[in-house]
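Pasted below: coords-v3.tsv, TSV, C-alpha atoms.
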chain	number	residue	atom	x	y	z
A	1	MET	CA	-131.25	34.73	101.66
A	2	SER	CA	-128.29	33.10	103.41
A	3	PHE	CA	-127.31	29.57	104.43
A	4	ASP	CA	-128.62	28.72	107.90
A	5	LEU	CA	-125.68	26.57	108.94
A	6	SER	CA	-126.15	27.20	112.67
A	7	ALA	CA	-129.54	25.50	112.65
A	8	ARG	CA	-128.14	22.40	110.98
A	9	LEU	CA	-125.30	22.16	113.49
A	10	THR	CA	-127.59	22.74	116.46
A	11	GLU	CA	-129.95	20.03	115.25
A	12	ARG	CA	-127.10	17.54	114.94
A	13	GLN	CA	-125.80	18.38	118.43
A	14	ALA	CA	-129.27	17.96	119.94
A	15	ALA	CA	-129.55	14.48	118.45
A	16	ASP	CA	-126.18	13.39	119.88
A	17	LEU	CA	-124.87	13.05	116.31
A	18	PHE	CA	-122.27	15.83	116.39
A	19	ARG	CA	-118.85	14.63	115.23
A	20	GLN	CA	-115.55	15.74	116.69
A	21	ARG	CA	-111.97	14.92	115.72
A	22	PRO	CA	-109.69	13.47	118.41
A	23	LEU	CA	-106.31	15.18	118.20
A	24	LEU	CA	-103.66	12.46	117.91
A	25	GLN	CA	-100.37	13.64	119.42
A	26	THR	CA	-98.28	10.50	118.83
A	27	PRO	CA	-97.73	8.07	115.95
A	28	GLN	CA	-100.25	5.32	115.29
A	29	GLY	CA	-100.02	2.40	117.70
A	30	PRO	CA	-101.83	0.73	120.59
A	31	GLN	CA	-100.54	3.29	123.09
A	32	VAL	CA	-101.30	6.84	121.95
A	33	ARG	CA	-101.72	10.33	123.30
A	34	ALA	CA	-104.91	11.99	122.11
A	35	ASP	CA	-106.49	15.20	123.38
A	36	ASP	CA	-103.73	15.41	126.01
A	37	GLN	CA	-104.61	12.00	127.45
A	38	GLU	CA	-102.60	8.76	127.42
A	39	LEU	CA	-104.86	6.09	125.95
A	40	LEU	CA	-104.91	2.49	124.81
A	41	ALA	CA	-106.47	2.74	121.35
A	42	PHE	CA	-108.83	0.23	119.75
A	43	CYS	CA	-110.06	2.35	116.85
A	44	SER	CA	-107.33	2.40	114.20
A	45	ASN	CA	-107.47	0.58	110.86
A	46	ASP	CA	-103.74	-0.19	111.12
A	47	TYR	CA	-104.63	-3.89	111.23
A	48	LEU	CA	-101.13	-5.34	110.86
A	49	GLY	CA	-99.30	-2.72	112.91
A	50	LEU	CA	-97.22	-1.39	110.01
A	51	ALA	CA	-98.04	2.34	110.14
A	52	ASN	CA	-95.19	3.05	112.56
A	53	HIS	CA	-92.92	0.13	111.66
A	54	PRO	CA	-89.25	1.20	111.70
A	55	GLU	CA	-88.47	-0.48	108.37
A	56	VAL	CA	-91.41	1.24	106.68
A	57	ILE	CA	-90.34	4.58	108.18
A	58	ARG	CA	-86.79	4.03	106.96
A	59	ALA	CA	-88.00	3.18	103.45
A	60	MET	CA	-89.96	6.42	103.33
A	61	GLN	CA	-87.00	8.45	104.60
A	62	GLN	CA	-84.70	6.92	102.00
A	63	GLY	CA	-87.36	7.45	99.35
A	64	ALA	CA	-87.61	11.13	100.24
A	65	GLU	CA	-83.84	11.52	100.08
A	66	LYS	CA	-83.74	9.97	96.62
A	67	TRP	CA	-87.02	11.14	95.08
A	68	GLY	CA	-87.99	14.28	96.99
A	69	VAL	CA	-91.24	14.94	98.81
A	70	GLY	CA	-93.74	15.69	96.04
A	71	GLY	CA	-95.18	13.95	93.00
A	72	GLY	CA	-94.89	17.20	91.07
A	73	ALA	CA	-97.54	16.56	88.43
A	74	SER	CA	-100.22	14.12	87.34
A	75	HIS	CA	-99.12	10.65	86.26
A	76	LEU	CA	-99.79	11.48	82.60
A	77	VAL	CA	-97.65	14.63	82.62
A	78	ILE	CA	-94.42	13.88	84.50
A	79	GLY	CA	-95.60	12.62	87.88
A	80	HIS	CA	-95.28	8.88	87.28
A	81	SER	CA	-92.01	8.05	89.04
A	82	THR	CA	-90.08	4.79	89.17
A	83	PRO	CA	-91.33	3.97	92.73
A	84	HIS	CA	-94.94	4.36	91.55
A	85	HIS	CA	-94.30	2.00	88.66
A	86	GLU	CA	-92.50	-0.56	90.83
A	87	LEU	CA	-95.34	-0.50	93.34
A	88	GLU	CA	-97.92	-1.05	90.61
A	89	GLU	CA	-95.98	-4.06	89.35
A	90	ALA	CA	-95.68	-5.45	92.90
A	91	LEU	CA	-99.41	-4.99	93.58
A	92	ALA	CA	-100.28	-6.71	90.30
A	93	ALA	CA	-98.12	-9.67	91.31
A	94	PHE	CA	-99.61	-9.65	94.83
A	95	THR	CA	-103.18	-9.83	93.49
A	96	GLY	CA	-102.32	-12.24	90.67
A	97	ARG	CA	-103.54	-9.85	87.98
A	98	PRO	CA	-101.88	-8.51	84.84
A	99	ARG	CA	-101.78	-4.89	85.98
A	100	ALA	CA	-102.50	-2.52	88.84
A	101	LEU	CA	-103.00	1.25	88.88
A	102	LEU	CA	-102.05	3.49	91.80
A	103	PHE	CA	-104.37	6.21	93.17
A	104	SER	CA	-103.87	8.87	95.84
A	105	THR	CA	-106.96	7.80	97.85
A	106	GLY	CA	-109.51	5.00	97.95
A	107	TYR	CA	-112.34	7.47	97.39
A	108	MET	CA	-110.65	8.55	94.16
A	109	ALA	CA	-110.15	4.98	93.01
A	110	ASN	CA	-113.82	4.10	93.44
A	111	LEU	CA	-115.04	7.27	91.73
A	112	ALA	CA	-112.58	6.67	88.91
A	113	VAL	CA	-113.61	3.09	88.15
A	114	VAL	CA	-117.38	3.50	88.20
A	115	THR	CA	-117.48	6.77	86.28
A	116	ALA	CA	-114.99	5.51	83.67
A	117	LEU	CA	-116.81	2.24	83.01
A	118	LEU	CA	-120.45	3.33	83.11
A	119	GLY	CA	-122.67	6.03	81.67
A	120	GLN	CA	-126.22	6.67	80.49
A	121	GLY	CA	-127.96	3.49	79.41
A	122	ASP	CA	-125.83	1.29	81.70
A	123	SER	CA	-126.64	-0.16	85.13
A	124	VAL	CA	-124.83	-0.17	88.46
A	125	LEU	CA	-126.10	-2.44	91.24
A	126	GLN	CA	-124.76	-1.87	94.74
A	127	ASP	CA	-125.10	-3.39	98.19
A	128	ARG	CA	-127.16	-1.12	100.41
A	129	LEU	CA	-124.35	-0.94	102.98
A	130	ASN	CA	-121.54	-0.10	100.57
A	131	HIS	CA	-119.00	2.56	101.48
A	132	ALA	CA	-120.02	6.16	100.76
A	133	SER	CA	-117.41	6.47	98.00
A	134	LEU	CA	-119.01	3.61	96.06
A	135	LEU	CA	-122.51	5.01	96.49
A	136	ASP	CA	-121.35	8.47	95.42
A	137	ALA	CA	-119.71	6.97	92.35
A	138	GLY	CA	-122.94	5.22	91.45
A	139	LEU	CA	-124.87	8.48	91.67
A	140	LEU	CA	-122.29	10.42	89.64
A	141	CYS	CA	-121.73	8.02	86.76
A	142	GLY	CA	-125.07	8.65	85.05
A	143	ALA	CA	-126.02	4.97	84.87
A	144	ARG	CA	-129.23	3.50	86.24
A	145	PHE	CA	-128.44	3.07	89.95
A	146	SER	CA	-130.09	0.41	92.11
A	147	ARG	CA	-129.27	-0.91	95.58
A	148	TYR	CA	-129.87	-4.57	96.44
A	149	LEU	CA	-130.54	-5.84	99.96
A	150	HIS	CA	-127.40	-6.30	102.04
A	151	ASN	CA	-125.45	-9.39	100.99
A	152	ASP	CA	-128.58	-10.85	99.37
A	153	ALA	CA	-127.92	-12.74	96.13
A	154	VAL	CA	-131.66	-13.23	95.49
A	155	SER	CA	-132.24	-9.48	95.73
A	156	LEU	CA	-129.32	-8.93	93.38
A	157	ALA	CA	-130.72	-11.46	90.89
A	158	ASN	CA	-134.06	-9.62	90.82
A	159	ARG	CA	-132.31	-6.36	89.98
A	160	LEU	CA	-130.04	-7.98	87.41
A	161	ARG	CA	-133.11	-9.05	85.44
A	162	LYS	CA	-134.08	-5.39	85.06
A	163	ALA	CA	-130.59	-4.11	84.23
A	164	THR	CA	-129.81	-2.46	80.90
A	165	GLY	CA	-126.58	-1.86	78.98
A	166	ASN	CA	-123.25	-2.68	80.58
A	167	CYS	CA	-123.91	-3.80	84.16
A	168	LEU	CA	-121.52	-3.53	87.11
A	169	VAL	CA	-122.23	-5.24	90.45
A	170	VAL	CA	-120.41	-3.37	93.22
A	171	THR	CA	-119.77	-4.51	96.78
A	172	ASP	CA	-117.45	-3.96	99.69
A	173	GLY	CA	-115.32	-7.00	100.46
A	174	VAL	CA	-115.46	-6.37	104.21
A	175	PHE	CA	-118.20	-3.98	105.30
A	176	SER	CA	-116.45	-1.30	107.29
A	177	MET	CA	-119.08	-0.65	109.96
A	178	ASP	CA	-120.31	-4.25	110.48
A	179	GLY	CA	-117.14	-6.21	109.75
A	180	ASP	CA	-119.00	-8.95	107.87
A	181	LEU	CA	-117.84	-10.43	104.58
A	182	ALA	CA	-119.54	-10.10	101.22
A	183	ASP	CA	-120.96	-13.43	100.06
A	184	LEU	CA	-118.79	-13.21	96.96
A	185	PRO	CA	-119.31	-16.75	95.61
A	186	ALA	CA	-123.08	-16.25	95.47
A	187	LEU	CA	-122.90	-12.67	94.19
A	188	CYS	CA	-120.39	-13.59	91.49
A	189	ALA	CA	-122.52	-16.53	90.36
A	190	GLU	CA	-125.52	-14.26	89.85
A	191	ALA	CA	-123.43	-11.67	88.02
A	192	ARG	CA	-121.88	-14.31	85.76
A	193	ALA	CA	-125.33	-15.67	84.83
A	194	SER	CA	-126.32	-12.17	83.70
A	195	GLN	CA	-123.00	-11.36	81.99
A	196	ALA	CA	-122.38	-8.55	84.49
A	197	TRP	CA	-119.00	-7.54	85.87
A	198	VAL	CA	-118.20	-7.55	89.61
A	199	MET	CA	-116.25	-4.80	91.38
A	200	VAL	CA	-115.02	-5.40	94.93
A	201	ASP	CA	-113.66	-2.68	97.20
A	202	ASP	CA	-111.55	-4.78	99.56
A	203	ALA	CA	-110.19	-1.88	101.61
A	204	HIS	CA	-110.52	-3.78	104.90
A	205	GLY	CA	-109.80	-7.27	103.56
A	206	PHE	CA	-106.26	-6.93	102.23
A	207	GLY	CA	-103.86	-8.02	104.96
A	208	PRO	CA	-106.17	-9.73	107.47
A	209	LEU	CA	-107.91	-12.10	105.01
A	210	GLY	CA	-106.51	-14.85	102.80
A	211	ALA	CA	-103.72	-17.33	103.34
A	212	ASN	CA	-101.19	-14.76	102.10
A	213	GLY	CA	-103.06	-11.60	103.09
A	214	GLY	CA	-104.52	-11.26	99.59
A	215	GLY	CA	-107.97	-10.32	100.86
A	216	ILE	CA	-111.46	-11.63	100.31
A	217	VAL	CA	-110.91	-12.82	96.73
A	218	GLU	CA	-108.08	-15.04	97.94
A	219	HIS	CA	-110.14	-16.02	100.99
A	220	PHE	CA	-112.87	-17.46	98.75
A	221	GLY	CA	-110.49	-18.83	96.12
A	222	LEU	CA	-111.90	-16.63	93.36
A	223	GLY	CA	-110.10	-15.13	90.37
A	224	GLN	CA	-110.27	-12.40	87.77
A	225	ASP	CA	-113.03	-14.21	85.86
A	226	ASP	CA	-115.20	-13.85	88.99
A	227	VAL	CA	-114.13	-10.38	90.16
A	228	GLN	CA	-113.10	-8.30	87.19
A	229	VAL	CA	-112.36	-5.11	89.17
A	230	LEU	CA	-110.45	-5.34	92.46
A	231	VAL	CA	-109.85	-2.22	94.56
A	232	GLY	CA	-107.68	-1.97	97.64
A	233	THR	CA	-106.53	0.84	99.90
A	234	LEU	CA	-103.04	1.25	101.30
A	235	GLY	CA	-103.80	3.30	104.43
A	236	LYS	CA	-105.18	0.40	106.47
A	237	ALA	CA	-103.37	-2.94	106.70
A	238	PHE	CA	-100.56	-1.66	104.45
A	239	GLY	CA	-100.00	1.17	106.95
A	240	THR	CA	-99.20	3.91	104.40
A	241	ALA	CA	-101.50	5.88	102.06
A	242	GLY	CA	-103.25	5.69	98.72
A	243	ALA	CA	-105.13	2.97	96.84
A	244	PHE	CA	-104.95	0.76	93.79
A	245	VAL	CA	-107.12	-0.95	91.20
A	246	ALA	CA	-106.03	-4.36	89.89
A	247	GLY	CA	-107.38	-6.10	86.82
A	248	SER	CA	-106.87	-6.84	83.16
A	249	GLU	CA	-104.62	-4.97	80.78
A	250	GLU	CA	-107.70	-3.50	79.10
A	251	LEU	CA	-109.25	-2.36	82.38
A	252	ILE	CA	-106.17	-0.52	83.58
A	253	GLU	CA	-105.56	1.09	80.19
A	254	THR	CA	-109.19	2.22	80.10
A	255	LEU	CA	-108.79	3.89	83.48
A	256	ILE	CA	-105.60	5.65	82.35
A	257	GLN	CA	-107.41	6.96	79.30
A	258	PHE	CA	-110.85	7.83	80.71
A	259	ALA	CA	-110.84	8.05	84.54
A	260	ARG	CA	-110.99	11.74	85.39
A	261	PRO	CA	-109.97	11.35	89.09
A	262	TYR	CA	-106.77	9.67	87.83
A	263	ILE	CA	-106.03	11.95	84.89
A	264	TYR	CA	-106.49	15.25	86.72
A	265	THR	CA	-104.77	14.58	90.05
A	266	THR	CA	-101.14	15.00	91.10
A	267	SER	CA	-99.49	11.69	91.91
A	268	GLN	CA	-98.79	10.73	95.51
A	269	PRO	CA	-95.27	11.48	96.80
A	270	PRO	CA	-92.87	8.83	95.45
A	271	ALA	CA	-91.53	8.31	98.98
A	272	VAL	CA	-94.95	6.99	100.01
A	273	ALA	CA	-94.71	4.39	97.27
A	274	CYS	CA	-91.27	3.42	98.59
A	275	ALA	CA	-92.76	2.93	102.05
A	276	THR	CA	-95.64	0.87	100.65
A	277	LEU	CA	-93.25	-1.43	98.82
A	278	LYS	CA	-91.62	-2.20	102.16
A	279	SER	CA	-94.95	-2.68	103.95
A	280	LEU	CA	-96.10	-5.04	101.16
A	281	GLU	CA	-92.91	-7.05	101.69
A	282	LEU	CA	-93.62	-7.29	105.44
A	283	LEU	CA	-97.28	-8.12	104.85
A	284	ARG	CA	-96.30	-11.05	102.67
A	285	SER	CA	-93.35	-12.37	104.69
A	286	GLU	CA	-94.50	-11.96	108.30
A	287	SER	CA	-97.48	-14.31	108.50
A	288	TRP	CA	-97.30	-14.18	112.30
A	289	ARG	CA	-99.07	-10.82	112.14
A	290	ARG	CA	-102.22	-12.38	110.65
A	291	GLU	CA	-102.00	-15.36	112.97
A	292	HIS	CA	-101.68	-13.21	116.10
A	293	LEU	CA	-104.49	-10.96	114.89
A	294	GLN	CA	-106.78	-13.95	114.40
A	295	ARG	CA	-106.08	-15.13	117.96
A	296	LEU	CA	-107.00	-11.67	119.28
A	297	ILE	CA	-110.25	-11.69	117.29
A	298	THR	CA	-111.20	-15.12	118.65
A	299	ARG	CA	-110.44	-14.13	122.24
A	300	PHE	CA	-112.32	-10.83	121.96
A	301	ARG	CA	-115.46	-12.51	120.64
A	302	GLN	CA	-115.29	-15.12	123.38
A	303	GLY	CA	-114.85	-12.49	126.10
A	304	ALA	CA	-117.57	-10.24	124.68
A	305	ALA	CA	-120.02	-13.14	124.66
A	306	GLU	CA	-119.26	-13.82	128.34
A	307	ILE	CA	-120.01	-10.18	129.15
A	308	GLY	CA	-123.27	-10.32	127.20
A	309	LEU	CA	-122.32	-7.80	124.53
A	310	SER	CA	-124.14	-7.85	121.22
A	311	LEU	CA	-121.56	-8.25	118.43
A	312	MET	CA	-121.97	-8.25	114.67
A	313	ASP	CA	-121.24	-11.38	112.62
A	314	SER	CA	-117.63	-10.46	111.89
A	315	PRO	CA	-114.55	-12.70	111.49
A	316	THR	CA	-112.38	-9.63	110.86
A	317	PRO	CA	-110.47	-7.10	113.03
A	318	ILE	CA	-113.62	-4.92	112.91
A	319	GLN	CA	-115.67	-5.96	115.95
A	320	PRO	CA	-118.64	-3.61	116.43
A	321	ILE	CA	-120.51	-3.66	119.75
A	322	LEU	CA	-124.13	-2.92	118.85
A	323	VAL	CA	-125.64	-0.45	121.34
A	324	GLY	CA	-128.56	0.97	119.35
A	325	ASP	CA	-129.10	4.37	120.91
A	326	SER	CA	-126.62	7.14	120.08
A	327	THR	CA	-126.66	8.62	123.59
A	328	ARG	CA	-125.85	5.25	125.15
A	329	ALA	CA	-123.10	4.62	122.62
A	330	LEU	CA	-121.51	7.94	123.51
A	331	LYS	CA	-121.75	7.11	127.20
A	332	LEU	CA	-120.07	3.74	126.78
A	333	SER	CA	-117.28	5.36	124.77
A	334	ALA	CA	-116.84	8.04	127.46
A	335	LEU	CA	-116.77	5.48	130.28
A	336	LEU	CA	-114.04	3.55	128.49
A	337	LYS	CA	-112.08	6.75	127.90
A	338	ASP	CA	-112.25	7.51	131.62
A	339	ARG	CA	-110.49	4.17	132.11
A	340	GLY	CA	-107.83	5.02	129.54
A	341	LEU	CA	-109.26	3.21	126.50
A	342	LEU	CA	-110.12	4.87	123.19
A	343	VAL	CA	-112.98	3.27	121.23
A	344	GLY	CA	-115.05	5.41	118.89
A	345	ALA	CA	-118.84	5.61	118.94
A	346	ILE	CA	-120.29	5.29	115.43
A	347	ARG	CA	-123.69	6.90	114.98
A	348	PRO	CA	-126.14	7.73	112.19
A	349	PRO	CA	-125.89	8.71	109.39
A	350	THR	CA	-122.73	6.58	109.14
A	351	VAL	CA	-124.85	3.61	110.31
A	352	PRO	CA	-128.64	3.15	110.07
A	353	ALA	CA	-130.94	4.79	112.62
A	354	GLY	CA	-131.02	2.66	115.78
A	355	GLY	CA	-127.70	1.07	114.84
A	356	ALA	CA	-125.27	3.13	116.96
A	357	ARG	CA	-122.29	1.10	118.04
A	358	LEU	CA	-118.77	1.09	119.38
A	359	ARG	CA	-116.46	0.06	116.55
A	360	VAL	CA	-113.66	-1.93	118.18
A	361	THR	CA	-110.77	-2.54	115.80
A	362	LEU	CA	-107.95	-4.90	116.64
A	363	SER	CA	-104.36	-4.78	115.40
A	364	ALA	CA	-101.46	-7.20	115.30
A	365	ALA	CA	-99.67	-4.54	117.34
A	366	HIS	CA	-101.99	-5.21	120.31
A	367	ASN	CA	-100.78	-7.76	122.83
A	368	ASP	CA	-102.82	-10.22	124.87
A	369	ALA	CA	-102.63	-8.12	128.05
A	370	GLN	CA	-103.98	-5.05	126.28
A	371	LEU	CA	-106.94	-7.00	124.96
A	372	GLU	CA	-107.72	-8.29	128.45
A	373	LEU	CA	-107.70	-4.69	129.73
A	374	LEU	CA	-110.35	-3.84	127.13
A	375	LEU	CA	-112.52	-6.80	128.10
A	376	GLU	CA	-112.21	-5.98	131.81
A	377	ALA	CA	-113.22	-2.36	131.17
A	378	LEU	CA	-116.20	-3.44	129.05
A	379	ALA	CA	-117.32	-5.80	131.80
A	380	GLU	CA	-117.29	-2.87	134.24
A	381	CYS	CA	-118.88	-0.26	131.95
A	382	TRP	CA	-121.55	-2.22	130.09
A	383	PRO	CA	-123.87	-2.69	133.11
A	384	GLN	CA	-123.86	1.07	133.68
A	385	VAL	CA	-125.00	1.65	130.11
A	386	GLN	CA	-127.64	-1.08	130.34
A	387	ASN	CA	-129.10	0.63	133.41
A	388	ASP	CA	-129.80	3.68	131.23
A	389	ALA	CA	-131.99	1.66	128.87
How does the structure come out when it is put into structure tokens?
Amino acid sequence: MSFDLSARLTERQAADLFRQRPLLQTPQGPQVRADDQELLAFCSNDYLGLANHPEVIRAMQQGAEKWGVGGGASHLVIGHSTPHHELEEALAAFTGRPRALLFSTGYMANLAVVTALLGQGDSVLQDRLNHASLLDAGLLCGARFSRYLHNDAVSLANRLRKATGNCLVVTDGVFSMDGDLADLPALCAEARASQAWVMVDDAHGFGPLGANGGGIVEHFGLGQDDVQVLVGTLGKAFGTAGAFVAGSEELIETLIQFARPYIYTTSQPPAVACATLKSLELLRSESWRREHLQRLITRFRQGAAEIGLSLMDSPTPIQPILVGDSTRALKLSALLKDRGLLVGAIRPPTVPAGGARLRVTLSAAHNDAQLELLLEALAECWPQVQNDA
């Protein structure tokens, strides 16, 4: 007996769910070259426009000259370099927490936290729309795993009453495919009443949200007593790579001692940490980036409403256009690409069946004229897609 991979691939192609990778031939930015075509891109998570910032590039170059290009070993052997340590201290200060721990990827960070904190006899309660890395961590940790209705504190409360052992409530801060915010005040109140901890993966919140870019916890004015475990990624608004967990002294030390994805992985190149230190400095000092981004978001939602597009309830740079049918979503994406605009079509299983959409993402690097080009193209293309309904 052999694996019938061809049948699986054919089935996915027939359902218009086959995924392909665009080949990016330029650095990240609004104007890119992909698949040999010059395009105006609205699909990157580089929310503050730092991924190709000259100061960040220079910091990485200087870091490579001083520290080399590889981490060399795991953090616990001899891979924990001075730039890693300085970045952890800066991220702890940025989040207002005693300590932070650096990871090579966000997926690793989420797996590390959940599997280190929970085991058999414990409970993990997750939002149904959480990121795949959080859901995978819940399945792998061995605890009793339950999913509450999306952003529903009443549903969470019902599950909390049935929880056993140590209980961890896990949610995205900003939901990556819808762009909506977790109702953290309500979720934290329910968790506190049941003596459960709250873990927030704020991958898409750091940078765009909060008065100082501190993400959803800052946005709602919450603290470590409300959200005991705070996770952020560095490859989105920070513009570099990796992730971090911020929390108490005891939490971080527990992860160092027991988190297998941390213990058994080579550290990220120190030069990347040097670049992230610079991007964190820019994120904190250049508030105009968040202000300009918010103006773009407001204008896009206004223009989309005038066109008659169905948007999700999102105050963030993630602005999904709900299409529903995968074939129609692909057509709208293709029509935009014909006009020189790159916007990805997101289809099941990434989103629920019937929830295909175009995931527009805005960046502080976009200018007003570029946004108007997108709105004009959508106004031209959307009627053609509607006619296929």
>> Need the shell around Ala182 in chain A: protein/DNA/RNA residues with any atom at most 8 Å away, counting all atoms listed in the file. Skip same-chain ones fewer than 2 positions apart. Format as a ChimeraX atom specification?
In response: /A:151,171-175,180,184
>> List as an MDAnalysis selection string the protein and nucleic acid residues near Leu39 in chain A, meaning an atom at most 7 Å away when only C-alpha atoms are counted, but skip any in the same chain fewer than 6 places from it.
In response: chainID A and resid 31:33 340:342
With C-alpha atoms retained, write the just-selected residues as a PDB file, in the coordinates of the input.
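Now in part-v1.pdb:
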ATOM      1  CA  GLN A  31    -100.540   3.290 123.090  1.00  0.00           C
ATOM      2  CA  VAL A  32    -101.300   6.840 121.950  1.00  0.00           C
ATOM      3  CA  ARG A  33    -101.720  10.330 123.300  1.00  0.00           C
ATOM      4  CA  GLY A 340    -107.830   5.020 129.540  1.00  0.00           C
ATOM      5  CA  LEU A 341    -109.260   3.210 126.500  1.00  0.00           C
ATOM      6  CA  LEU A 342    -110.120   4.870 123.190  1.00  0.00           C
TER       7      LEU A 342
END
> What's the 9 Å shell around range 46-60 of chain A, counting only C-alpha atoms, without same-chain residues fewer than 6 positions away, as number ranges by chain?
Replying inline: A: 27-30, 204, 207-208, 235-240, 270-279, 282-283, 289-290, 293, 317, 361-366
Requested write-out: C-alpha atoms of the selected residues, as an mmCIF file, in the frame of the given file:
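Printed below is part-v5.cif as written:
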data_model
loop_
_atom_site.group_PDB
_atom_site.id
_atom_site.type_symbol
_atom_site.label_atom_id
_atom_site.label_comp_id
_atom_site.auth_asym_id
_atom_site.auth_seq_id
_atom_site.Cartn_x
_atom_site.Cartn_y
_atom_site.Cartn_z
ATOM 1 C CA PRO A 27 -97.730 8.070 115.950
ATOM 2 C CA GLN A 28 -100.250 5.320 115.290
ATOM 3 C CA GLY A 29 -100.020 2.400 117.700
ATOM 4 C CA PRO A 30 -101.830 0.730 120.590
ATOM 5 C CA HIS A 204 -110.520 -3.780 104.900
ATOM 6 C CA GLY A 207 -103.860 -8.020 104.960
ATOM 7 C CA PRO A 208 -106.170 -9.730 107.470
ATOM 8 C CA GLY A 235 -103.800 3.300 104.430
ATOM 9 C CA LYS A 236 -105.180 0.400 106.470
ATOM 10 C CA ALA A 237 -103.370 -2.940 106.700
ATOM 11 C CA PHE A 238 -100.560 -1.660 104.450
ATOM 12 C CA GLY A 239 -100.000 1.170 106.950
ATOM 13 C CA THR A 240 -99.200 3.910 104.400
ATOM 14 C CA PRO A 270 -92.870 8.830 95.450
ATOM 15 C CA ALA A 271 -91.530 8.310 98.980
ATOM 16 C CA VAL A 272 -94.950 6.990 100.010
ATOM 17 C CA ALA A 273 -94.710 4.390 97.270
ATOM 18 C CA CYS A 274 -91.270 3.420 98.590
ATOM 19 C CA ALA A 275 -92.760 2.930 102.050
ATOM 20 C CA THR A 276 -95.640 0.870 100.650
ATOM 21 C CA LEU A 277 -93.250 -1.430 98.820
ATOM 22 C CA LYS A 278 -91.620 -2.200 102.160
ATOM 23 C CA SER A 279 -94.950 -2.680 103.950
ATOM 24 C CA LEU A 282 -93.620 -7.290 105.440
ATOM 25 C CA LEU A 283 -97.280 -8.120 104.850
ATOM 26 C CA ARG A 289 -99.070 -10.820 112.140
ATOM 27 C CA ARG A 290 -102.220 -12.380 110.650
ATOM 28 C CA LEU A 293 -104.490 -10.960 114.890
ATOM 29 C CA PRO A 317 -110.470 -7.100 113.030
ATOM 30 C CA THR A 361 -110.770 -2.540 115.800
ATOM 31 C CA LEU A 362 -107.950 -4.900 116.640
ATOM 32 C CA SER A 363 -104.360 -4.780 115.400
ATOM 33 C CA ALA A 364 -101.460 -7.200 115.300
ATOM 34 C CA ALA A 365 -99.670 -4.540 117.340
ATOM 35 C CA HIS A 366 -101.990 -5.210 120.310
#
> Which residue, A:Arg99, A:Lys162, A:Arg192, A:Arg144, has the smallest gap to Gly121 in chain A when you use all atoms listed in the file?
Replying inline: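 Among A:Arg99, A:Lys162, A:Arg192, A:Arg144, it is A:Arg144 that comes nearest to Gly121 in chain A.
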> Looking at A:Ala189, A:Leu251, A:Leu87, A:Ala203, which one is nearest to His131 in chain A, with distances taken over all atoms listed in the file?
Replying inline: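 Of the candidates, the smallest distance to His131 in chain A is held by A:Ala203.
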>> List the spatial neighbours of Gln126 in chain A as a list in words - criterion: any atom at most 7 Å away, all atoms listed in the file, same-chain residues fewer than 2 positions off excluded.
In response: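 Neighbouring residues, sequence-local ones excluded: Val124, Arg128, Asn130, Ser146, Arg147, Tyr148, Val169, Val170 and Thr171 of chain A.
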>> If I take CA of Asp35 in chain A and CA of Ser6 in chain A, how far is one from the other in Å, to one decimal?
In response: 25.4 Å
> How would you write as an NGL selection string the residues that get within 12 Å of (-106.2, -14.6, 103.8) in the file's frame, counting all atoms listed in the file?
Replying inline: :A and (95 or 202 or 204-221 or 283-284 or 287 or 289-291 or 293-294 or 315-316)
> Which of these, A:Thr105, A:Val77, A:Val227, A:Ala246, has the shortest distance to Ala93 in chain A once you count all atoms listed in the file?
Replying inline: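 Selected residue with least distance to Ala93 in chain A: A:Ala246.
When only C-alpha atoms are used to measure the gap to Leu296 in chain A, the shortest distance among A:Val113, A:Ser81, A:Ile318, A:Asp136 belongs to A:Ile318.
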